[in-house]
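Trainee: Contents of run-v7.txt (compact mmCIF, C-alpha atoms) are given next:
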```
# COMPACT_ATOMS: atom_id res chain seq x y z
CA MET A 3 112.37 3.66 11.41
CA SER A 4 109.33 4.95 9.54
CA ALA A 5 109.90 6.99 6.37
CA LEU A 6 106.48 8.50 7.05
CA LEU A 7 107.71 9.99 10.32
CA GLY A 8 110.97 11.19 8.80
CA ASP A 9 109.11 12.98 6.01
CA ALA A 10 106.75 14.60 8.51
CA LEU A 11 109.66 15.85 10.62
CA ARG A 12 111.43 17.26 7.57
CA ARG A 13 108.32 19.18 6.56
CA ALA A 14 107.55 20.42 10.06
CA PHE A 15 111.08 21.59 10.83
CA ALA A 16 112.18 22.75 7.38
CA ASN A 17 112.58 26.32 8.63
CA GLY A 18 115.40 25.38 11.00
CA GLU A 19 113.37 25.20 14.21
CA ARG A 20 115.01 22.80 16.63
CA ILE A 21 113.10 19.70 17.74
CA ARG A 22 111.94 19.46 21.36
CA PHE A 23 110.39 16.06 21.96
CA ILE A 24 108.54 13.99 24.54
CA GLN A 25 108.83 10.23 24.05
CA ILE A 26 106.57 7.97 26.10
CA GLY A 27 107.69 4.35 26.11
CA GLY A 28 111.45 4.38 25.70
CA ASN A 29 112.44 0.75 26.37
CA ASP A 30 116.23 0.58 25.86
CA GLY A 31 116.28 3.47 23.37
CA ILE A 32 117.44 1.26 20.48
CA LEU A 33 115.17 -1.77 19.92
CA GLY A 34 112.52 -0.66 17.42
CA ASP A 35 113.08 2.96 18.38
CA PRO A 36 111.99 5.32 15.57
CA LEU A 37 114.40 8.08 16.60
CA TYR A 38 117.60 6.24 17.47
CA GLN A 39 119.17 6.31 14.00
CA TYR A 40 118.24 9.97 13.65
CA HIS A 41 120.22 10.66 16.81
CA VAL A 42 123.19 8.63 15.58
CA ASP A 43 123.17 10.20 12.11
CA ARG A 44 122.34 13.70 13.38
CA THR A 45 119.60 13.84 10.79
CA PHE A 46 117.71 16.52 12.72
CA ASP A 47 118.66 19.31 15.09
CA PHE A 48 117.35 18.22 18.48
CA GLU A 49 117.28 20.89 21.16
CA TRP A 50 116.07 18.58 23.91
CA GLY A 51 114.15 15.39 24.53
CA HIS A 52 112.52 13.71 27.53
CA ILE A 53 112.08 9.93 27.38
CA PHE A 54 109.92 7.99 29.86
CA GLU A 55 110.52 4.31 30.67
CA PRO A 56 109.16 2.65 33.85
CA ILE A 57 110.91 -0.74 34.02
CA PRO A 58 114.22 -0.35 35.92
CA GLU A 59 116.26 -2.85 33.90
CA TYR A 60 115.28 -1.23 30.60
CA PHE A 61 115.63 2.24 32.07
CA GLU A 62 119.25 1.47 32.96
CA LEU A 63 119.92 0.42 29.38
CA LEU A 64 118.09 3.49 28.10
CA VAL A 65 120.27 5.80 30.18
CA ALA A 66 123.43 4.05 28.99
CA ASN A 67 122.35 4.09 25.34
CA MET A 68 121.32 7.76 25.42
CA ARG A 69 124.51 8.93 27.14
CA ALA A 70 125.97 9.84 23.77
CA PHE A 71 123.18 12.36 23.27
CA PRO A 72 123.43 14.97 26.06
CA TYR A 73 120.26 16.77 24.99
CA ILE A 74 118.19 13.75 26.15
CA THR A 75 116.88 13.32 29.71
CA CYS A 76 115.53 9.94 30.80
CA HIS A 77 112.79 9.46 33.40
CA ASN A 78 112.14 6.19 35.27
CA LEU A 79 108.37 6.71 35.24
CA ALA A 80 105.28 5.36 33.51
CA VAL A 81 103.01 7.96 31.95
CA ASP A 82 99.27 7.45 32.21
CA ASP A 83 95.95 9.29 31.87
CA SER A 84 95.23 9.46 35.61
CA PRO A 85 94.64 12.87 37.22
CA VAL A 86 97.31 12.36 39.89
CA PRO A 87 100.66 10.57 40.27
CA GLY A 88 100.62 7.10 41.79
CA HIS A 89 101.56 3.47 41.25
CA ARG A 90 100.10 0.89 38.87
CA GLU A 91 100.67 -2.69 37.81
CA PHE A 92 102.77 -2.99 34.66
CA SER A 93 103.40 -6.18 32.66
CA TYR A 94 106.60 -6.94 30.76
CA LEU A 95 109.24 -9.55 29.89
CA SER A 96 112.63 -9.36 31.50
CA ARG A 97 115.65 -9.05 29.25
CA ALA A 98 117.28 -11.85 31.27
CA ASP A 99 114.41 -14.25 30.49
CA VAL A 100 114.40 -13.29 26.81
CA GLU A 101 118.09 -14.05 26.50
CA MET A 102 118.19 -17.11 28.78
CA HIS A 103 115.21 -18.87 27.22
CA GLY A 104 115.67 -17.80 23.61
CA LEU A 105 112.44 -15.79 23.48
CA PRO A 106 111.69 -13.51 20.51
CA GLU A 107 113.83 -10.36 20.58
CA SER A 108 110.69 -8.27 20.06
CA SER A 109 109.31 -9.44 23.41
CA LYS A 110 111.76 -7.11 25.15
CA ALA A 111 109.54 -4.26 23.97
CA LEU A 112 106.17 -5.54 25.24
CA GLY A 113 105.85 -3.55 28.47
CA SER A 114 102.32 -2.24 28.99
CA PHE A 115 99.58 -1.45 31.47
CA SER A 116 97.37 -3.68 29.34
CA ARG A 117 97.70 -7.41 28.70
CA GLU A 118 94.68 -7.52 26.41
CA ARG A 119 95.73 -5.28 23.52
CA ASN A 120 99.14 -6.56 22.50
CA ALA A 121 101.40 -9.59 22.25
CA LEU A 122 101.15 -10.13 26.03
CA SER A 123 97.82 -11.72 25.11
CA GLY A 124 98.99 -13.09 21.77
CA ILE A 125 97.91 -10.21 19.51
CA GLY A 126 100.40 -10.04 16.66
CA TYR A 127 102.17 -13.23 17.76
CA SER A 128 101.52 -16.71 16.45
CA GLU A 129 100.17 -19.23 18.95
CA THR A 130 103.58 -20.91 19.09
CA LYS A 131 105.35 -17.61 19.70
CA PHE A 132 102.86 -16.53 22.37
CA ASN A 133 103.04 -19.85 24.21
CA LYS A 134 106.79 -19.44 24.33
CA ILE A 135 106.67 -16.06 26.11
CA LYS A 136 103.56 -16.67 28.23
CA PRO A 137 105.30 -18.38 31.21
CA TYR A 138 107.75 -15.49 31.52
CA ILE A 139 105.39 -12.51 31.59
CA ARG A 140 106.06 -10.55 34.77
CA THR A 141 104.01 -7.92 36.56
CA THR A 142 105.43 -5.22 38.78
CA ALA A 143 104.33 -1.96 40.38
CA VAL A 144 105.65 1.16 38.64
CA GLU A 145 105.59 4.81 39.58
CA THR A 146 103.27 6.87 37.39
CA VAL A 147 103.00 10.49 36.30
CA PRO A 148 99.92 11.95 34.56
CA VAL A 149 100.49 12.88 30.92
CA ARG A 150 98.71 16.15 31.66
CA ASP A 151 101.54 16.98 34.09
CA VAL A 152 104.17 15.99 31.52
CA VAL A 153 102.81 18.19 28.73
CA GLU A 154 102.27 21.06 31.17
CA ARG A 155 105.88 20.85 32.37
CA TYR A 156 107.27 20.55 28.84
CA HIS A 157 104.63 22.72 27.22
CA ASP A 158 106.96 23.98 24.48
CA ALA A 159 107.58 20.48 23.12
CA ASN A 160 106.96 20.46 19.38
CA PHE A 161 107.02 16.68 18.84
CA LEU A 162 105.22 13.95 20.80
CA LEU A 163 105.99 10.27 20.27
CA THR A 164 104.30 7.37 22.08
CA ASP A 165 104.75 3.61 21.89
CA CYS A 166 102.74 2.17 24.76
CA GLU A 167 101.65 -1.24 23.47
CA GLY A 168 97.93 -0.54 23.26
CA TYR A 169 97.70 2.29 25.78
CA ASP A 170 98.51 5.08 23.33
CA ILE A 171 94.99 6.36 22.71
CA GLU A 172 94.43 7.05 26.42
CA ILE A 173 97.71 8.98 26.49
CA ILE A 174 96.91 11.00 23.36
CA ARG A 175 93.39 11.89 24.47
CA ALA A 176 94.57 13.01 27.91
CA ALA A 177 97.54 14.95 26.49
CA PHE A 178 95.26 17.07 24.31
CA SER A 179 92.36 17.40 26.75
CA GLY A 180 93.77 20.58 28.29
CA GLY A 181 93.28 22.45 25.02
CA SER A 182 96.64 24.23 24.66
CA PHE A 183 99.15 21.49 23.80
CA ARG A 184 99.87 21.61 20.07
CA PRO A 185 103.12 19.94 18.99
CA LYS A 186 103.88 20.17 15.29
CA VAL A 187 104.17 16.39 14.91
CA VAL A 188 102.61 13.53 16.86
CA GLN A 189 103.23 9.82 16.31
CA PHE A 190 101.48 7.04 18.20
CA GLU A 191 100.74 3.36 17.79
CA ASP A 192 97.25 2.13 16.93
CA LEU A 193 97.16 -1.27 18.62
CA GLY A 194 94.32 -3.18 20.23
CA GLN A 195 91.87 -0.32 20.60
CA SER A 196 88.33 -0.42 19.20
CA LYS A 197 87.95 1.18 15.76
CA ASP A 198 85.33 3.56 17.12
CA VAL A 199 87.68 4.91 19.79
CA VAL A 200 90.51 5.29 17.30
CA GLN A 201 88.33 7.04 14.72
CA SER A 202 86.88 9.35 17.36
CA THR A 203 90.37 10.30 18.51
CA LEU A 204 91.59 10.92 14.96
CA GLY A 205 88.52 13.03 14.28
CA GLU A 206 89.25 15.17 17.33
CA LEU A 207 92.86 15.65 16.22
CA GLN A 208 91.71 16.63 12.73
CA SER A 209 89.26 19.12 14.22
CA ILE A 210 92.13 20.99 15.90
CA GLY A 211 94.22 21.17 12.75
CA TYR A 212 96.12 17.90 12.33
CA ARG A 213 96.55 16.04 9.06
CA ILE A 214 96.57 12.27 9.64
CA SER A 215 98.74 9.71 7.85
CA ARG A 216 99.18 6.03 8.60
CA PHE A 217 101.79 3.36 8.01
CA SER A 218 101.05 -0.09 9.41
CA ARG A 219 100.27 0.53 13.11
CA ASP A 220 101.89 3.96 13.22
CA VAL A 221 99.73 7.08 13.09
CA VAL A 222 101.51 10.33 12.21
CA CYS A 223 99.74 13.65 12.78
CA GLU A 224 101.06 16.92 11.33
CA LEU A 225 99.80 20.32 12.45
CA GLU A 226 98.69 22.19 9.31
```
Write the structure described by the file as structure tokens, please.

Mentor:
Amino acid sequence: MSALLGDALRRAFANGERIRFIQIGGNDGILGDPLYQYHVDRTFDFEWGHIFEPIPEYFELLVANMRAFPYITCHNLAVDDSPVPGHREFSYLSRADVEMHGLPESSKALGSFSRERNALSGIGYSETKFNKIKPYIRTTAVETVPVRDVVERYHDANFLLTDCEGYDIEIIRAAFSGGSFRPKVVQFEDLGQSKDVVQSTLGELQSIGYRISRFSRDVVCELE
């Protein structure tokens, strides 16, 4: 749980406005989730939240883990930057394989459209660690929804959070391409993208009024 994000949320919602969030890349809702403890502790006043997770086995866990928070709706969909809904190949590690073969716990959270920008190709994992998970990487077809459709449907969201294992920049660029979506806080993961693409994206966000902060791979943007 990033202190940087918590501080940004406290500043953005200091006037008592309730948080309405879109979270893209939910996994099981607990492992490495930056909001889970906030839900448990009731740190912030959440009005509603929509969480998207495409892998059925993790979606089932997500639904079960979020049941205690009735303001959250879970969607068994992958969000992408395509113009229309469809189906795409998605790579991941099954929870059953992780537990049966003693794989790193973090590998449960490696689902992505890309296998070149994250630990599915060894980025961030040692060679030994990567070789351990490599035989168990699975690929499956998932149902997709365009991020443009998501932000249009939930246009009054005031917080956007993505954790897409290297696919975040595409999501962020597409989400803001319509010109009217302006959540107060945005957090995404900078992983595996070229520095030029990342810097260009951050420059565009700054040009529309966002202040940028970074902690490790997390990028937090606050609307000024």

Trainee: Go ahead and fit an axis-aligned box to every listed atom of region 67-80 of chain A plus 3 Å each side, and pass me the centre and edge lengths in Å, one decimal, as JSON.

Mentor:
```
{"center_x": 115.6, "center_y": 10.4, "center_z": 29.3, "size_x": 26.7, "size_y": 18.7, "size_z": 18.0}
```

Trainee: Return the single residue from A:Tyr127, A:Phe71, A:Tyr138, A:Tyr38 that is closest to Glu101 (chain A), with distances computed using only C-alpha atoms.

Mentor: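 Among A:Tyr127, A:Phe71, A:Tyr138, A:Tyr38, it is A:Tyr138 that comes nearest to Glu101 (chain A).
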
Trainee: Enter the distance from CA of Ala121 (chain A) to CA of Gln195 (chain A), in Å, rounded to one decimal.

Mentor: 13.4 Å

Trainee: As an exercise, work out the distance from CA of Gly168 (chain A) to CA of Asn120 (chain A) in Å and give it to one decimal place.

Mentor: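 CA of Asn120 (chain A) lies 6.2 Å from CA of Gly168 (chain A).
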
Trainee: With distances taken over all atoms listed in the file, which residue among A:Asn78, A:Ser196, A:Ser109, A:Thr142 lies nearest Gly27 (chain A)?

Mentor: A:Asn78

Trainee: Please compute the CA of Gly181 (chain A)-CA of Arg155 (chain A) distance, one decimal, in Å.

Mentor: 14.7 Å

Trainee: Give me the region 40-83 of chain A side of the contact with region 33-36 of chain A, cut-off 12 Å, one line per residue showing its nearest atom pair and distance in Å at one decimal, counting all atoms listed in the file, sorted by chain and residue number, as CSV.

Mentor:
```
residue,atom,partner,partner_atom,distance
A:Tyr40,CA,A:Pro36,CA,8.0
A:His41,CA,A:Pro36,CA,9.9
A:Val42,CA,A:Pro36,CA,11.7
A:Ile53,CA,A:Asp35,CA,11.4
A:Tyr60,CA,A:Leu33,CA,10.7
A:Leu63,CA,A:Leu33,CA,10.8
A:Leu64,CA,A:Leu33,CA,10.2
A:Asn67,CA,A:Leu33,CA,10.7
A:Met68,CA,A:Asp35,CA,11.9
```

Trainee: Keeping only C-alpha atoms, write the selected residues to a file as a PDB file, keeping the file's coordinate frame.

Mentor:
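Dumped everything to again-v3.pdb:
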```pdb
ATOM      1  CA  TYR A  40     118.240   9.970  13.650  1.00  0.00           C
ATOM      2  CA  HIS A  41     120.220  10.660  16.810  1.00  0.00           C
ATOM      3  CA  VAL A  42     123.190   8.630  15.580  1.00  0.00           C
ATOM      4  CA  ILE A  53     112.080   9.930  27.380  1.00  0.00           C
ATOM      5  CA  TYR A  60     115.280  -1.230  30.600  1.00  0.00           C
ATOM      6  CA  LEU A  63     119.920   0.420  29.380  1.00  0.00           C
ATOM      7  CA  LEU A  64     118.090   3.490  28.100  1.00  0.00           C
ATOM      8  CA  ASN A  67     122.350   4.090  25.340  1.00  0.00           C
ATOM      9  CA  MET A  68     121.320   7.760  25.420  1.00  0.00           C
TER      10      MET A  68
END
```

Trainee: With all atoms listed in the file as the counted atoms, please give the residues lying no more than 8 Å from Phe132 (chain A), apart from itself and same-chain residues fewer than 3 positions off, as a PyMOL selection string.

Mentor: chain A and resi 121-124+127-129+135-136

Trainee: Taking only C-alpha atoms into account, which of A:Gly211, A:Gly194, A:Pro148, A:Pro185 comes nearest Ser84 (chain A)?

Mentor: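 Smallest separation from Ser84 (chain A) among the options: A:Pro148.
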
Trainee: Counting all atoms listed in the file, which residue out of A:Ala5, A:Ala143, A:Val187, A:Ile57 sits closest to Asn160 (chain A)?

Mentor: A:Val187
